[in-house]
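See structure below.
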Amino acid sequence: TGALFRRIGQPAVVGEIAAGILLGPSLFGAIAPGASSALLPASVMPALGLLAELGVVLFMFTVGVELDTSAVARGARAALLISQAGIVVPFLMGSTLSLWLYPSLAGPGVSFVIFALFVGVAMSVTAFPVLARILSDFGLQRTPLGVIAVSAAAVGDVIAWCLLAGVAGLARAQ
């Protein structure tokens with residue numbers, strides 16, 4: 001599917017994600033649970049998950065090794081501003097979306113403020129490995145734009161994940 005998506009001008013990783021959704025437990029498991037469990041038995045899922053995580057870690061290590069730190073330093077101000085906008089805009093949109101989602105998705109005893117914070121912050125987390133893969137596939141990872149994009153995504157993800165941990169702590173405290 002990656003090659004098919006490349007032919008229509010899309011990054012290969014988008015096709016690979018689509019194939020994973022179609023053939024994985026998300027859709028295939030819902031449509032044909034018996035066939036899905038025969039193809040991917042529950043006993044192999046932990047090992048498969050570990051292997052997937054290891055692949056992402058190794059890929060991100062490669063991205064980090066190839067990153068030009070002097071280019072990061074030159075674009076640090078832009079990356080910081082972009083990362084903050086990349087948090088604030090999705091946060092506001094997610095918090096607004098929570099007005100509509102809260103009545104149907106919030107469990108009993110979940111305050112609206114915690115729910116809105118969670119949805120807003122969760123929307124702020126980027127798919128950093130996907131961005132890095134897209135830039136790599138198109139040969140943009142070493143361009144000034146690619147370096148700023150990777151830097152902004154990295155800073156934004158660190159901040160967003162920390163915020164998400166804080167919101168999860170607030171939710172547990174209540």
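The way I read the labels, and the way they are meant: chains A, B, ... in the order of the structure tokens, residue 1 as the first residue of every chain, and ligand 1 as the first ligand shown, with later ones counted on from there.
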Problem set entry | Polymer residues at most 10 Å from Thr143 of chain A, only C-alpha atoms, same-chain spacing of 6 or more positions, as a VMD selection string | chain A and resid 68 71 135 149
Exercise. Near segment 13-28 of chain A, counting only C-alpha atoms, which residues have an atom at most 6 Å away, once you skip same-chain residues fewer than 5 positions from it, shown as a PyMOL selection string?
Worked result: chain A and resi 1-2+5
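Considering the residues A:Gly139, A:Gly156, A:Pro41, A:Gly64 and counting only C-alpha atoms, Val89 of chain A has its shortest atom-to-atom contact with A:Gly156.
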So that I can see what lies close to Val119 of chain A, please list as an mmCIF file with all heavy atoms, in the first residue's frame the residues with an atom at most 12 Å from it, counting only C-alpha atoms and leaving out residues fewer than 4 positions away in the same chain.
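Resulting contents of around_30.cif:
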```cif
data_model
loop_
_atom_site.group_PDB
_atom_site.id
_atom_site.type_symbol
_atom_site.label_atom_id
_atom_site.label_comp_id
_atom_site.auth_asym_id
_atom_site.auth_seq_id
_atom_site.Cartn_x
_atom_site.Cartn_y
_atom_site.Cartn_z
ATOM 1 N N PRO A 90 -4.459 23.324 18.530
ATOM 2 C CA PRO A 90 -5.207 22.075 18.742
ATOM 3 C C PRO A 90 -5.844 21.992 20.134
ATOM 4 O O PRO A 90 -6.918 21.406 20.292
ATOM 5 C CB PRO A 90 -4.153 20.981 18.568
ATOM 6 C CG PRO A 90 -3.056 21.610 17.823
ATOM 7 C CD PRO A 90 -3.064 23.052 18.176
ATOM 8 N N PHE A 91 -5.178 22.574 21.147
ATOM 9 C CA PHE A 91 -5.754 22.563 22.488
ATOM 10 C C PHE A 91 -7.088 23.309 22.507
ATOM 11 O O PHE A 91 -8.080 22.812 23.056
ATOM 12 C CB PHE A 91 -4.793 23.194 23.494
ATOM 13 C CG PHE A 91 -5.373 23.287 24.872
ATOM 14 C CD1 PHE A 91 -5.363 22.183 25.700
ATOM 15 C CD2 PHE A 91 -5.958 24.454 25.331
ATOM 16 C CE1 PHE A 91 -5.919 22.250 26.974
ATOM 17 C CE2 PHE A 91 -6.519 24.526 26.592
ATOM 18 C CZ PHE A 91 -6.499 23.425 27.417
ATOM 19 N N LEU A 92 -7.124 24.482 21.912
ATOM 20 C CA LEU A 92 -8.373 25.256 21.869
ATOM 21 C C LEU A 92 -9.447 24.531 21.064
ATOM 22 O O LEU A 92 -10.610 24.495 21.473
ATOM 23 C CB LEU A 92 -8.116 26.647 21.286
ATOM 24 C CG LEU A 92 -7.250 27.569 22.156
ATOM 25 C CD1 LEU A 92 -6.933 28.861 21.408
ATOM 26 C CD2 LEU A 92 -7.923 27.855 23.488
ATOM 27 N N MET A 93 -9.051 23.937 19.959
ATOM 28 C CA MET A 93 -10.027 23.202 19.150
ATOM 29 C C MET A 93 -10.540 21.964 19.887
ATOM 30 O O MET A 93 -11.735 21.664 19.869
ATOM 31 C CB MET A 93 -9.411 22.826 17.808
ATOM 32 C CG MET A 93 -9.122 24.026 16.925
ATOM 33 S SD MET A 93 -8.221 23.619 15.433
ATOM 34 C CE MET A 93 -9.496 22.815 14.494
ATOM 35 N N GLY A 94 -9.637 21.236 20.555
ATOM 36 C CA GLY A 94 -10.051 20.049 21.315
ATOM 37 C C GLY A 94 -10.920 20.397 22.500
ATOM 38 O O GLY A 94 -11.897 19.702 22.797
ATOM 39 N N SER A 95 -10.590 21.489 23.174
ATOM 40 C CA SER A 95 -11.414 21.921 24.305
ATOM 41 C C SER A 95 -12.807 22.321 23.838
ATOM 42 O O SER A 95 -13.800 22.033 24.510
ATOM 43 C CB SER A 95 -10.744 23.094 25.024
ATOM 44 O OG SER A 95 -9.513 22.681 25.551
ATOM 45 N N THR A 96 -12.872 22.971 22.692
ATOM 46 C CA THR A 96 -14.171 23.337 22.118
ATOM 47 C C THR A 96 -14.947 22.083 21.713
ATOM 48 O O THR A 96 -16.144 21.984 21.962
ATOM 49 C CB THR A 96 -13.985 24.272 20.909
ATOM 50 O OG1 THR A 96 -13.239 25.423 21.327
ATOM 51 C CG2 THR A 96 -15.310 24.694 20.323
ATOM 52 N N LEU A 97 -14.255 21.121 21.120
ATOM 53 C CA LEU A 97 -14.887 19.859 20.736
ATOM 54 C C LEU A 97 -15.446 19.118 21.942
ATOM 55 O O LEU A 97 -16.460 18.427 21.857
ATOM 56 C CB LEU A 97 -13.869 18.984 20.000
ATOM 57 C CG LEU A 97 -14.326 17.618 19.518
ATOM 58 C CD1 LEU A 97 -15.415 17.765 18.458
ATOM 59 C CD2 LEU A 97 -13.142 16.832 18.978
ATOM 60 N N SER A 98 -14.803 19.287 23.088
ATOM 61 C CA SER A 98 -15.262 18.588 24.289
ATOM 62 C C SER A 98 -16.649 19.039 24.737
ATOM 63 O O SER A 98 -17.344 18.292 25.427
ATOM 64 C CB SER A 98 -14.245 18.743 25.418
ATOM 65 O OG SER A 98 -14.197 20.080 25.852
ATOM 66 N N LEU A 99 -17.062 20.242 24.353
ATOM 67 C CA LEU A 99 -18.438 20.674 24.645
ATOM 68 C C LEU A 99 -19.442 19.699 24.038
ATOM 69 O O LEU A 99 -20.464 19.381 24.637
ATOM 70 C CB LEU A 99 -18.690 22.080 24.090
ATOM 71 C CG LEU A 99 -17.955 23.225 24.770
ATOM 72 C CD1 LEU A 99 -18.058 24.492 23.922
ATOM 73 C CD2 LEU A 99 -18.521 23.464 26.156
ATOM 74 N N TRP A 100 -19.141 19.210 22.853
ATOM 75 C CA TRP A 100 -20.024 18.295 22.145
ATOM 76 C C TRP A 100 -19.815 16.851 22.613
ATOM 77 O O TRP A 100 -20.768 16.077 22.704
ATOM 78 C CB TRP A 100 -19.762 18.427 20.644
ATOM 79 C CG TRP A 100 -20.562 17.517 19.787
ATOM 80 C CD1 TRP A 100 -21.915 17.526 19.599
ATOM 81 C CD2 TRP A 100 -20.060 16.451 18.992
ATOM 82 N NE1 TRP A 100 -22.285 16.530 18.739
ATOM 83 C CE2 TRP A 100 -21.157 15.850 18.348
ATOM 84 C CE3 TRP A 100 -18.795 15.935 18.757
ATOM 85 C CZ2 TRP A 100 -21.022 14.777 17.480
ATOM 86 C CZ3 TRP A 100 -18.664 14.871 17.889
ATOM 87 C CH2 TRP A 100 -19.777 14.303 17.270
ATOM 88 N N LEU A 101 -18.566 16.482 22.931
ATOM 89 C CA LEU A 101 -18.251 15.101 23.302
ATOM 90 C C LEU A 101 -18.590 14.749 24.750
ATOM 91 O O LEU A 101 -18.876 13.593 25.054
ATOM 92 C CB LEU A 101 -16.765 14.825 23.067
ATOM 93 C CG LEU A 101 -16.258 14.881 21.640
ATOM 94 C CD1 LEU A 101 -14.749 14.685 21.614
ATOM 95 C CD2 LEU A 101 -16.950 13.837 20.786
ATOM 96 N N TYR A 102 -18.539 15.730 25.629
ATOM 97 C CA TYR A 102 -18.690 15.473 27.060
ATOM 98 C C TYR A 102 -19.957 14.698 27.412
ATOM 99 O O TYR A 102 -19.874 13.694 28.140
ATOM 100 C CB TYR A 102 -18.630 16.796 27.835
ATOM 101 C CG TYR A 102 -18.771 16.627 29.327
ATOM 102 C CD1 TYR A 102 -17.729 16.107 30.086
ATOM 103 C CD2 TYR A 102 -19.950 16.975 29.981
ATOM 104 C CE1 TYR A 102 -17.847 15.948 31.458
ATOM 105 C CE2 TYR A 102 -20.077 16.824 31.345
ATOM 106 C CZ TYR A 102 -19.033 16.302 32.074
ATOM 107 O OH TYR A 102 -19.163 16.140 33.420
ATOM 108 N N LEU A 105 -19.444 10.931 26.053
ATOM 109 C CA LEU A 105 -18.245 10.139 26.319
ATOM 110 C C LEU A 105 -17.726 10.190 27.749
ATOM 111 O O LEU A 105 -17.007 9.285 28.168
ATOM 112 C CB LEU A 105 -17.113 10.569 25.374
ATOM 113 C CG LEU A 105 -17.325 10.298 23.888
ATOM 114 C CD1 LEU A 105 -16.132 10.790 23.088
ATOM 115 C CD2 LEU A 105 -17.569 8.828 23.626
ATOM 116 N N ALA A 106 -18.032 11.227 28.481
ATOM 117 C CA ALA A 106 -17.500 11.347 29.845
ATOM 118 C C ALA A 106 -18.188 10.347 30.761
ATOM 119 O O ALA A 106 -19.401 10.166 30.714
ATOM 120 C CB ALA A 106 -17.694 12.764 30.376
ATOM 121 N N PHE A 112 -16.308 18.352 33.837
ATOM 122 C CA PHE A 112 -16.153 18.883 32.489
ATOM 123 C C PHE A 112 -14.776 19.504 32.298
ATOM 124 O O PHE A 112 -14.164 19.355 31.236
ATOM 125 C CB PHE A 112 -17.242 19.920 32.171
ATOM 126 C CG PHE A 112 -17.026 20.563 30.836
ATOM 127 C CD1 PHE A 112 -17.297 19.874 29.665
ATOM 128 C CD2 PHE A 112 -16.503 21.847 30.744
ATOM 129 C CE1 PHE A 112 -17.051 20.448 28.427
ATOM 130 C CE2 PHE A 112 -16.265 22.435 29.510
ATOM 131 C CZ PHE A 112 -16.548 21.732 28.342
ATOM 132 N N VAL A 113 -14.259 20.177 33.304
ATOM 133 C CA VAL A 113 -12.956 20.845 33.175
ATOM 134 C C VAL A 113 -11.858 19.815 32.902
ATOM 135 O O VAL A 113 -11.043 19.994 31.991
ATOM 136 C CB VAL A 113 -12.632 21.668 34.443
ATOM 137 C CG1 VAL A 113 -11.216 22.204 34.402
ATOM 138 C CG2 VAL A 113 -13.632 22.804 34.603
ATOM 139 N N ILE A 114 -11.836 18.719 33.648
ATOM 140 C CA ILE A 114 -10.831 17.676 33.442
ATOM 141 C C ILE A 114 -11.003 17.057 32.064
ATOM 142 O O ILE A 114 -10.030 16.824 31.349
ATOM 143 C CB ILE A 114 -10.916 16.595 34.545
ATOM 144 C CG1 ILE A 114 -10.584 17.193 35.910
ATOM 145 C CG2 ILE A 114 -10.031 15.405 34.223
ATOM 146 C CD1 ILE A 114 -9.149 17.673 36.040
ATOM 147 N N PHE A 115 -12.246 16.797 31.672
ATOM 148 C CA PHE A 115 -12.519 16.218 30.354
ATOM 149 C C PHE A 115 -12.045 17.154 29.254
ATOM 150 O O PHE A 115 -11.377 16.729 28.308
ATOM 151 C CB PHE A 115 -14.019 15.929 30.209
ATOM 152 C CG PHE A 115 -14.375 15.231 28.929
ATOM 153 C CD1 PHE A 115 -14.243 13.858 28.813
ATOM 154 C CD2 PHE A 115 -14.846 15.943 27.833
ATOM 155 C CE1 PHE A 115 -14.568 13.209 27.639
ATOM 156 C CE2 PHE A 115 -15.172 15.305 26.656
ATOM 157 C CZ PHE A 115 -15.036 13.932 26.550
ATOM 158 N N MET A 123 -5.309 16.330 21.851
ATOM 159 C CA MET A 123 -5.294 16.806 20.462
ATOM 160 C C MET A 123 -3.990 17.531 20.138
ATOM 161 O O MET A 123 -3.654 17.709 18.972
ATOM 162 C CB MET A 123 -6.478 17.729 20.202
ATOM 163 C CG MET A 123 -7.831 17.071 20.342
ATOM 164 S SD MET A 123 -8.143 15.911 19.048
ATOM 165 C CE MET A 123 -8.837 16.983 17.837
ATOM 166 N N SER A 124 -3.250 17.959 21.141
ATOM 167 C CA SER A 124 -2.006 18.700 20.934
ATOM 168 C C SER A 124 -0.797 17.797 20.698
ATOM 169 O O SER A 124 0.243 18.263 20.243
ATOM 170 C CB SER A 124 -1.720 19.587 22.147
ATOM 171 O OG SER A 124 -2.756 20.508 22.335
ATOM 172 N N VAL A 125 -0.923 16.515 21.013
ATOM 173 C CA VAL A 125 0.188 15.587 20.817
ATOM 174 C C VAL A 125 0.269 15.258 19.330
ATOM 175 O O VAL A 125 -0.726 14.907 18.712
ATOM 176 C CB VAL A 125 -0.013 14.304 21.651
ATOM 177 C CG1 VAL A 125 1.081 13.293 21.361
ATOM 178 C CG2 VAL A 125 -0.056 14.634 23.132
ATOM 179 N N ALA A 160 3.597 18.653 25.234
ATOM 180 C CA ALA A 160 2.241 18.094 25.236
ATOM 181 C C ALA A 160 2.158 16.821 26.068
ATOM 182 O O ALA A 160 1.185 16.619 26.811
ATOM 183 C CB ALA A 160 1.782 17.833 23.800
ATOM 184 N N LEU A 163 2.139 17.824 29.661
ATOM 185 C CA LEU A 163 0.815 18.348 30.008
ATOM 186 C C LEU A 163 -0.204 17.219 30.158
ATOM 187 O O LEU A 163 -1.028 17.233 31.073
ATOM 188 C CB LEU A 163 0.336 19.349 28.957
ATOM 189 C CG LEU A 163 1.057 20.686 28.912
ATOM 190 C CD1 LEU A 163 0.613 21.488 27.679
ATOM 191 C CD2 LEU A 163 0.785 21.481 30.178
ATOM 192 N N LEU A 164 -0.129 16.233 29.262
ATOM 193 C CA LEU A 164 -1.052 15.103 29.330
ATOM 194 C C LEU A 164 -0.850 14.307 30.623
ATOM 195 O O LEU A 164 -1.819 13.887 31.253
ATOM 196 C CB LEU A 164 -0.879 14.208 28.110
ATOM 197 C CG LEU A 164 -1.977 13.205 27.834
ATOM 198 C CD1 LEU A 164 -3.328 13.874 27.678
ATOM 199 C CD2 LEU A 164 -1.662 12.396 26.586
ATOM 200 N N VAL A 167 -2.498 16.354 33.366
ATOM 201 C CA VAL A 167 -3.966 16.238 33.336
ATOM 202 C C VAL A 167 -4.397 14.865 33.837
ATOM 203 O O VAL A 167 -5.376 14.756 34.580
ATOM 204 C CB VAL A 167 -4.511 16.513 31.915
ATOM 205 C CG1 VAL A 167 -5.977 16.175 31.808
ATOM 206 C CG2 VAL A 167 -4.280 17.973 31.528
ATOM 207 N N ALA A 168 -3.660 13.823 33.463
ATOM 208 C CA ALA A 168 -3.986 12.488 33.967
ATOM 209 C C ALA A 168 -3.829 12.444 35.489
ATOM 210 O O ALA A 168 -4.644 11.814 36.183
ATOM 211 C CB ALA A 168 -3.085 11.441 33.308
#
```
